[in-house]
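Novice: Structure incoming, see below.
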Amino acid sequence: MSTVLESPAQALAGVLRDGMTIAVGGFGLCGVPFALVDAVREAGVRDLTIVSNNMGVDGQGLGVLLENDQVAKVLASYVGENKLFARRYLDGDLEVEFVPQGTLAERLRAGGAGIPAFYTPTGVGTPVADGKPTAEFDGRTYLQERGIVADLALVHAATADRAGNLRYRLTARNFNPLVATAAPVTVVEAERVLDEGEFLHPDDVHTPGVFVTSVVRTERPRPVEQRTVRPRVAPREGVGA
């Protein structure tokens, strides 16, 4: 059974340490465990290795850990929206291992499934393959990639029950289910935690509670990464009258 705790700080107490590897769910600013990331920042732990699709944007999500100089290495598939991330990488200030997005997803899944390595054609003949073993199967060259097992997983869920079963909402179900399985300690922030005696229907469970260590309910506002609106078009004469 997972434990439902009162605050992100309480959920991470005794868990965080310098030099640890933390896998974090989310894609851009969608499905990011913002409150847990803020608690990591406030704890002040250093020399972290972060495994995540990307590092948020400047001042939001995992970007706050970069700004607080807490990150030594990043495994990610995308730099794009975070100017500080890009600048520190280009300046040689930050170690970055670029991982193709599908490969990153499979490395996390493999780590959670106890699979130490797998072969993929993605990255063969590119810098992604540097220093990695290859093998030929059916006349095609494949690259060996290692599964990822972090020390700690931070996850955002829409709903959790008190057994730790999780349900994600729409595209927030991006990297979160994979990250949730890829560490021995998984801490979840949920927008809603069901009352004692209530449980998610088995058909609604995206991550079983066996993978979850603790859950904290959070009402932290979720920022919008890019807000776009369609310009208003004046109705044509005689249309919509």
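Residues in the structure tokens are numbered from 1 in each chain, the chains being A, B, ... in the order shown, and ligands are numbered from 1 in the order shown.
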Contacts of Pro177 (chain A) at 9 Å or less, counting only C-alpha atoms, minus same-chain residues fewer than 2 places along, as an MDAnalysis selection string?

Specialist: chainID A and resid 25 109 155 166 168 173:175 179:181 206:207

Novice: For the residues selected in the previous step, produce a file with N, CA, C and O atoms as an mmCIF file, in the first residue's frame.

Specialist:
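What landed in part.cif:
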data_model
loop_
_atom_site.group_PDB
_atom_site.id
_atom_site.type_symbol
_atom_site.label_atom_id
_atom_site.label_comp_id
_atom_site.auth_asym_id
_atom_site.auth_seq_id
_atom_site.Cartn_x
_atom_site.Cartn_y
_atom_site.Cartn_z
ATOM 1 N N GLY A 25 8.173 12.725 -14.875
ATOM 2 C CA GLY A 25 7.169 12.653 -15.918
ATOM 3 C C GLY A 25 6.884 14.021 -16.505
ATOM 4 O O GLY A 25 7.275 15.060 -15.969
ATOM 5 N N ARG A 109 10.732 2.190 -19.996
ATOM 6 C CA ARG A 109 9.874 1.006 -19.884
ATOM 7 C C ARG A 109 10.696 -0.237 -19.566
ATOM 8 O O ARG A 109 10.317 -1.053 -18.717
ATOM 9 N N VAL A 155 6.019 11.861 -10.370
ATOM 10 C CA VAL A 155 4.924 11.622 -11.314
ATOM 11 C C VAL A 155 3.754 12.541 -10.998
ATOM 12 O O VAL A 155 3.482 12.852 -9.831
ATOM 13 N N LEU A 166 -3.240 4.776 -10.062
ATOM 14 C CA LEU A 166 -3.226 6.089 -10.680
ATOM 15 C C LEU A 166 -3.990 6.111 -11.996
ATOM 16 O O LEU A 166 -3.990 5.133 -12.743
ATOM 17 N N TYR A 168 -4.283 8.940 -15.296
ATOM 18 C CA TYR A 168 -3.793 10.181 -15.887
ATOM 19 C C TYR A 168 -4.879 10.756 -16.797
ATOM 20 O O TYR A 168 -5.751 10.031 -17.259
ATOM 21 N N ARG A 173 -0.869 11.781 -19.856
ATOM 22 C CA ARG A 173 -0.454 10.367 -19.834
ATOM 23 C C ARG A 173 0.670 10.199 -20.865
ATOM 24 O O ARG A 173 0.631 9.333 -21.728
ATOM 25 N N ASN A 174 1.681 11.033 -20.768
ATOM 26 C CA ASN A 174 2.788 10.991 -21.720
ATOM 27 C C ASN A 174 3.896 10.080 -21.182
ATOM 28 O O ASN A 174 3.869 8.872 -21.394
ATOM 29 N N PHE A 175 4.854 10.632 -20.477
ATOM 30 C CA PHE A 175 5.927 9.821 -19.916
ATOM 31 C C PHE A 175 5.618 9.344 -18.494
ATOM 32 O O PHE A 175 6.370 8.546 -17.937
ATOM 33 N N VAL A 179 7.720 6.529 -16.334
ATOM 34 C CA VAL A 179 8.550 7.007 -15.225
ATOM 35 C C VAL A 179 8.133 6.344 -13.919
ATOM 36 O O VAL A 179 8.983 5.985 -13.084
ATOM 37 N N ALA A 180 6.835 6.139 -13.728
ATOM 38 C CA ALA A 180 6.332 5.589 -12.466
ATOM 39 C C ALA A 180 6.904 4.211 -12.144
ATOM 40 O O ALA A 180 7.001 3.831 -10.976
ATOM 41 N N THR A 181 7.290 3.467 -13.172
ATOM 42 C CA THR A 181 7.781 2.108 -12.940
ATOM 43 C C THR A 181 9.305 2.033 -12.873
ATOM 44 O O THR A 181 9.854 0.983 -12.528
ATOM 45 N N HIS A 206 -4.286 3.240 -14.792
ATOM 46 C CA HIS A 206 -3.189 3.321 -15.754
ATOM 47 C C HIS A 206 -1.863 2.855 -15.150
ATOM 48 O O HIS A 206 -1.050 2.262 -15.851
ATOM 49 N N THR A 207 -1.641 3.150 -13.878
ATOM 50 C CA THR A 207 -0.465 2.658 -13.147
ATOM 51 C C THR A 207 -0.950 1.966 -11.881
ATOM 52 O O THR A 207 -1.592 2.601 -11.037
#

Novice: So which residues touch Asn165 (chain A) within 6 Å, counting only C-alpha atoms, skipping near sequence neighbours fewer than 4 positions away, as a ChimeraX atom specification?

Specialist: /A:160-161,207-209

Novice: Could you please take those selected residues and save N, CA and C atoms as a compact mmCIF listing (two decimals), in the first residue's frame?

Specialist:
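The resulting file, out_19.txt, is reproduced below:
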# COMPACT_ATOMS: atom_id res chain seq x y z
N ALA A 160 -5.75 9.55 -7.87
CA ALA A 160 -5.12 8.42 -7.18
C ALA A 160 -6.08 7.92 -6.12
N ASP A 161 -6.05 6.61 -5.87
CA ASP A 161 -6.76 6.11 -4.69
C ASP A 161 -5.74 5.80 -3.60
N THR A 207 -1.64 3.15 -13.88
CA THR A 207 -0.47 2.66 -13.15
C THR A 207 -0.95 1.97 -11.88
N PRO A 208 -0.66 0.68 -11.70
CA PRO A 208 -1.07 -0.02 -10.49
C PRO A 208 -0.30 0.49 -9.26
N GLY A 209 -0.97 0.44 -8.13
CA GLY A 209 -0.39 0.94 -6.89
C GLY A 209 0.87 0.24 -6.44

Novice: Output as a tab-separated table one row per residue of region 24-118 of chain A within 6 Å of region 126-147 of chain A: the closest atom pair and its distance in Å to one decimal place, counting only C-alpha atoms, sorted by chain and residue number ascending.

Specialist:
residue	atom	partner	partner_atom	distance
A:Arg107	CA	A:Gly147	CA	4.3
A:Ala110	CA	A:Gly147	CA	5.0
A:Gly111	CA	A:Gly147	CA	4.4
A:Pro116	CA	A:Gly147	CA	5.1
A:Ala117	CA	A:Arg146	CA	4.2
A:Phe118	CA	A:Glu145	CA	5.5

Novice: Keeping only all heavy atoms, write the selected residues as a PDB file, in the first residue's frame.

Specialist:
ATOM      1  N   ARG A 107      13.610   2.964 -23.019  1.00  0.00           N
ATOM      2  CA  ARG A 107      14.612   2.764 -21.972  1.00  0.00           C
ATOM      3  C   ARG A 107      13.976   2.824 -20.586  1.00  0.00           C
ATOM      4  O   ARG A 107      14.328   2.052 -19.691  1.00  0.00           O
ATOM      5  CB  ARG A 107      15.730   3.804 -22.100  1.00  0.00           C
ATOM      6  CG  ARG A 107      16.657   3.576 -23.282  1.00  0.00           C
ATOM      7  CD  ARG A 107      17.771   4.607 -23.336  1.00  0.00           C
ATOM      8  NE  ARG A 107      18.704   4.430 -22.208  1.00  0.00           N
ATOM      9  CZ  ARG A 107      19.727   5.232 -21.972  1.00  0.00           C
ATOM     10  NH1 ARG A 107      19.941   6.294 -22.762  1.00  0.00           N
ATOM     11  NH2 ARG A 107      20.527   5.012 -20.942  1.00  0.00           N
ATOM     12  N   ALA A 110      11.839  -0.377 -20.245  1.00  0.00           N
ATOM     13  CA  ALA A 110      12.702  -1.525 -20.014  1.00  0.00           C
ATOM     14  C   ALA A 110      13.219  -1.536 -18.586  1.00  0.00           C
ATOM     15  O   ALA A 110      13.228  -2.580 -17.916  1.00  0.00           O
ATOM     16  CB  ALA A 110      13.870  -1.514 -21.003  1.00  0.00           C
ATOM     17  N   GLY A 111      13.645  -0.376 -18.095  1.00  0.00           N
ATOM     18  CA  GLY A 111      14.122  -0.309 -16.711  1.00  0.00           C
ATOM     19  C   GLY A 111      13.059  -0.732 -15.731  1.00  0.00           C
ATOM     20  O   GLY A 111      13.325  -1.481 -14.777  1.00  0.00           O
ATOM     21  N   PRO A 116      17.552  -5.251 -18.841  1.00  0.00           N
ATOM     22  CA  PRO A 116      18.759  -4.429 -18.750  1.00  0.00           C
ATOM     23  C   PRO A 116      19.123  -3.704 -20.038  1.00  0.00           C
ATOM     24  O   PRO A 116      19.758  -2.651 -20.001  1.00  0.00           O
ATOM     25  CB  PRO A 116      19.842  -5.425 -18.352  1.00  0.00           C
ATOM     26  CG  PRO A 116      19.347  -6.747 -18.848  1.00  0.00           C
ATOM     27  CD  PRO A 116      17.850  -6.698 -18.717  1.00  0.00           C
ATOM     28  N   ALA A 117      18.752  -4.257 -21.196  1.00  0.00           N
ATOM     29  CA  ALA A 117      19.129  -3.647 -22.475  1.00  0.00           C
ATOM     30  C   ALA A 117      18.237  -4.189 -23.578  1.00  0.00           C
ATOM     31  O   ALA A 117      17.599  -5.236 -23.433  1.00  0.00           O
ATOM     32  CB  ALA A 117      20.594  -3.924 -22.797  1.00  0.00           C
ATOM     33  N   PHE A 118      18.210  -3.466 -24.700  1.00  0.00           N
ATOM     34  CA  PHE A 118      17.446  -3.903 -25.862  1.00  0.00           C
ATOM     35  C   PHE A 118      18.129  -3.343 -27.105  1.00  0.00           C
ATOM     36  O   PHE A 118      19.050  -2.513 -27.018  1.00  0.00           O
ATOM     37  CB  PHE A 118      15.992  -3.416 -25.785  1.00  0.00           C
ATOM     38  CG  PHE A 118      15.851  -1.918 -25.734  1.00  0.00           C
ATOM     39  CD1 PHE A 118      15.702  -1.160 -26.889  1.00  0.00           C
ATOM     40  CD2 PHE A 118      15.881  -1.250 -24.509  1.00  0.00           C
ATOM     41  CE1 PHE A 118      15.583   0.220 -26.840  1.00  0.00           C
ATOM     42  CE2 PHE A 118      15.758   0.136 -24.455  1.00  0.00           C
ATOM     43  CZ  PHE A 118      15.615   0.863 -25.625  1.00  0.00           C
TER      44      PHE A 118
END

Novice: Can you build me a table of region 93-173 of chain A residues sitting at most 9 Å from region 44-58 of chain A, with the closest atom pair per residue and its distance in Å to one decimal, using only C-alpha atoms, sorted by chain and residue number, as a tab-separated table?

Specialist:
residue	atom	partner	partner_atom	distance
A:Val99	CA	A:Asn53	CA	8.8
A:Gln101	CA	A:Asn53	CA	7.1
A:Leu104	CA	A:Asn53	CA	7.6
A:Ala105	CA	A:Asn53	CA	8.6
A:Ile148	CA	A:Val51	CA	8.7
A:Ala150	CA	A:Val51	CA	7.9

Novice: Using only C-alpha atoms, what table do you get, as a tab-separated table, when you list each residue of region 70-117 of chain A with an atom no more than 12 Å from region 27-30 of chain A, its nearest pair of atoms, and their distance in Å rounded to one decimal, rows by chain then rising number?

Specialist:
residue	atom	partner	partner_atom	distance
A:Ala76	CA	A:Phe27	CA	10.6
A:Ser77	CA	A:Phe27	CA	10.3
A:Tyr78	CA	A:Gly28	CA	9.3
A:Val79	CA	A:Gly28	CA	10.0
A:Gly80	CA	A:Gly28	CA	9.5
A:Glu81	CA	A:Gly28	CA	8.0
A:Asn82	CA	A:Gly28	CA	9.6
A:Gln101	CA	A:Phe27	CA	10.7
A:Ala105	CA	A:Phe27	CA	11.7

Novice: Those residues with N, CA, C and O atoms, as a PDB file, in the first residue's frame please?

Specialist:
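Output below, filename out-v8.pdb:
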ATOM      1  N   ALA A  76      17.677  13.576 -22.027  1.00  0.00           N
ATOM      2  CA  ALA A  76      16.456  14.143 -22.582  1.00  0.00           C
ATOM      3  C   ALA A  76      16.451  13.984 -24.090  1.00  0.00           C
ATOM      4  O   ALA A  76      17.483  13.717 -24.702  1.00  0.00           O
ATOM      5  N   SER A  77      15.274  14.181 -24.678  1.00  0.00           N
ATOM      6  CA  SER A  77      15.175  14.086 -26.128  1.00  0.00           C
ATOM      7  C   SER A  77      15.038  15.450 -26.780  1.00  0.00           C
ATOM      8  O   SER A  77      15.121  15.566 -27.997  1.00  0.00           O
ATOM      9  N   TYR A  78      14.851  16.496 -25.958  1.00  0.00           N
ATOM     10  CA  TYR A  78      14.499  17.792 -26.543  1.00  0.00           C
ATOM     11  C   TYR A  78      15.015  18.914 -25.657  1.00  0.00           C
ATOM     12  O   TYR A  78      14.846  18.890 -24.440  1.00  0.00           O
ATOM     13  N   VAL A  79      15.654  19.910 -26.264  1.00  0.00           N
ATOM     14  CA  VAL A  79      16.159  21.073 -25.535  1.00  0.00           C
ATOM     15  C   VAL A  79      15.250  22.276 -25.755  1.00  0.00           C
ATOM     16  O   VAL A  79      14.988  23.053 -24.857  1.00  0.00           O
ATOM     17  N   GLY A  80      14.772  22.420 -26.935  1.00  0.00           N
ATOM     18  CA  GLY A  80      13.967  23.479 -27.509  1.00  0.00           C
ATOM     19  C   GLY A  80      13.534  24.679 -26.716  1.00  0.00           C
ATOM     20  O   GLY A  80      14.029  25.762 -26.952  1.00  0.00           O
ATOM     21  N   GLU A  81      12.595  24.534 -25.778  1.00  0.00           N
ATOM     22  CA  GLU A  81      11.905  25.691 -25.219  1.00  0.00           C
ATOM     23  C   GLU A  81      12.620  26.330 -24.039  1.00  0.00           C
ATOM     24  O   GLU A  81      12.170  27.347 -23.521  1.00  0.00           O
ATOM     25  N   ASN A  82      13.725  25.750 -23.568  1.00  0.00           N
ATOM     26  CA  ASN A  82      14.400  26.281 -22.387  1.00  0.00           C
ATOM     27  C   ASN A  82      15.719  26.912 -22.801  1.00  0.00           C
ATOM     28  O   ASN A  82      16.695  26.232 -23.104  1.00  0.00           O
ATOM     29  N   GLN A 101      13.367  10.275 -28.769  1.00  0.00           N
ATOM     30  CA  GLN A 101      12.203  10.245 -27.886  1.00  0.00           C
ATOM     31  C   GLN A 101      11.636   8.836 -27.679  1.00  0.00           C
ATOM     32  O   GLN A 101      11.342   8.426 -26.550  1.00  0.00           O
ATOM     33  N   ALA A 105      11.580   6.602 -24.151  1.00  0.00           N
ATOM     34  CA  ALA A 105      10.393   5.937 -23.618  1.00  0.00           C
ATOM     35  C   ALA A 105      10.660   4.451 -23.394  1.00  0.00           C
ATOM     36  O   ALA A 105      10.310   3.888 -22.345  1.00  0.00           O
TER      37      ALA A 105
END

Novice: Just list as a PyMOL selection string whatever in region 152-223 of chain A DSSP marks as strand (DSSP E or B).

Specialist: chain A and resi 152-160+166-167+186-193+207+214-217

Novice: Would you give me, as number ranges by chain, the residues in chain A that DSSP reads as helix (DSSP H, G or I)?

Specialist: A: 8-12, 34-43, 63-67, 83-90, 101-113, 127-129, 170-172, 176-181, 202-204, 209-211
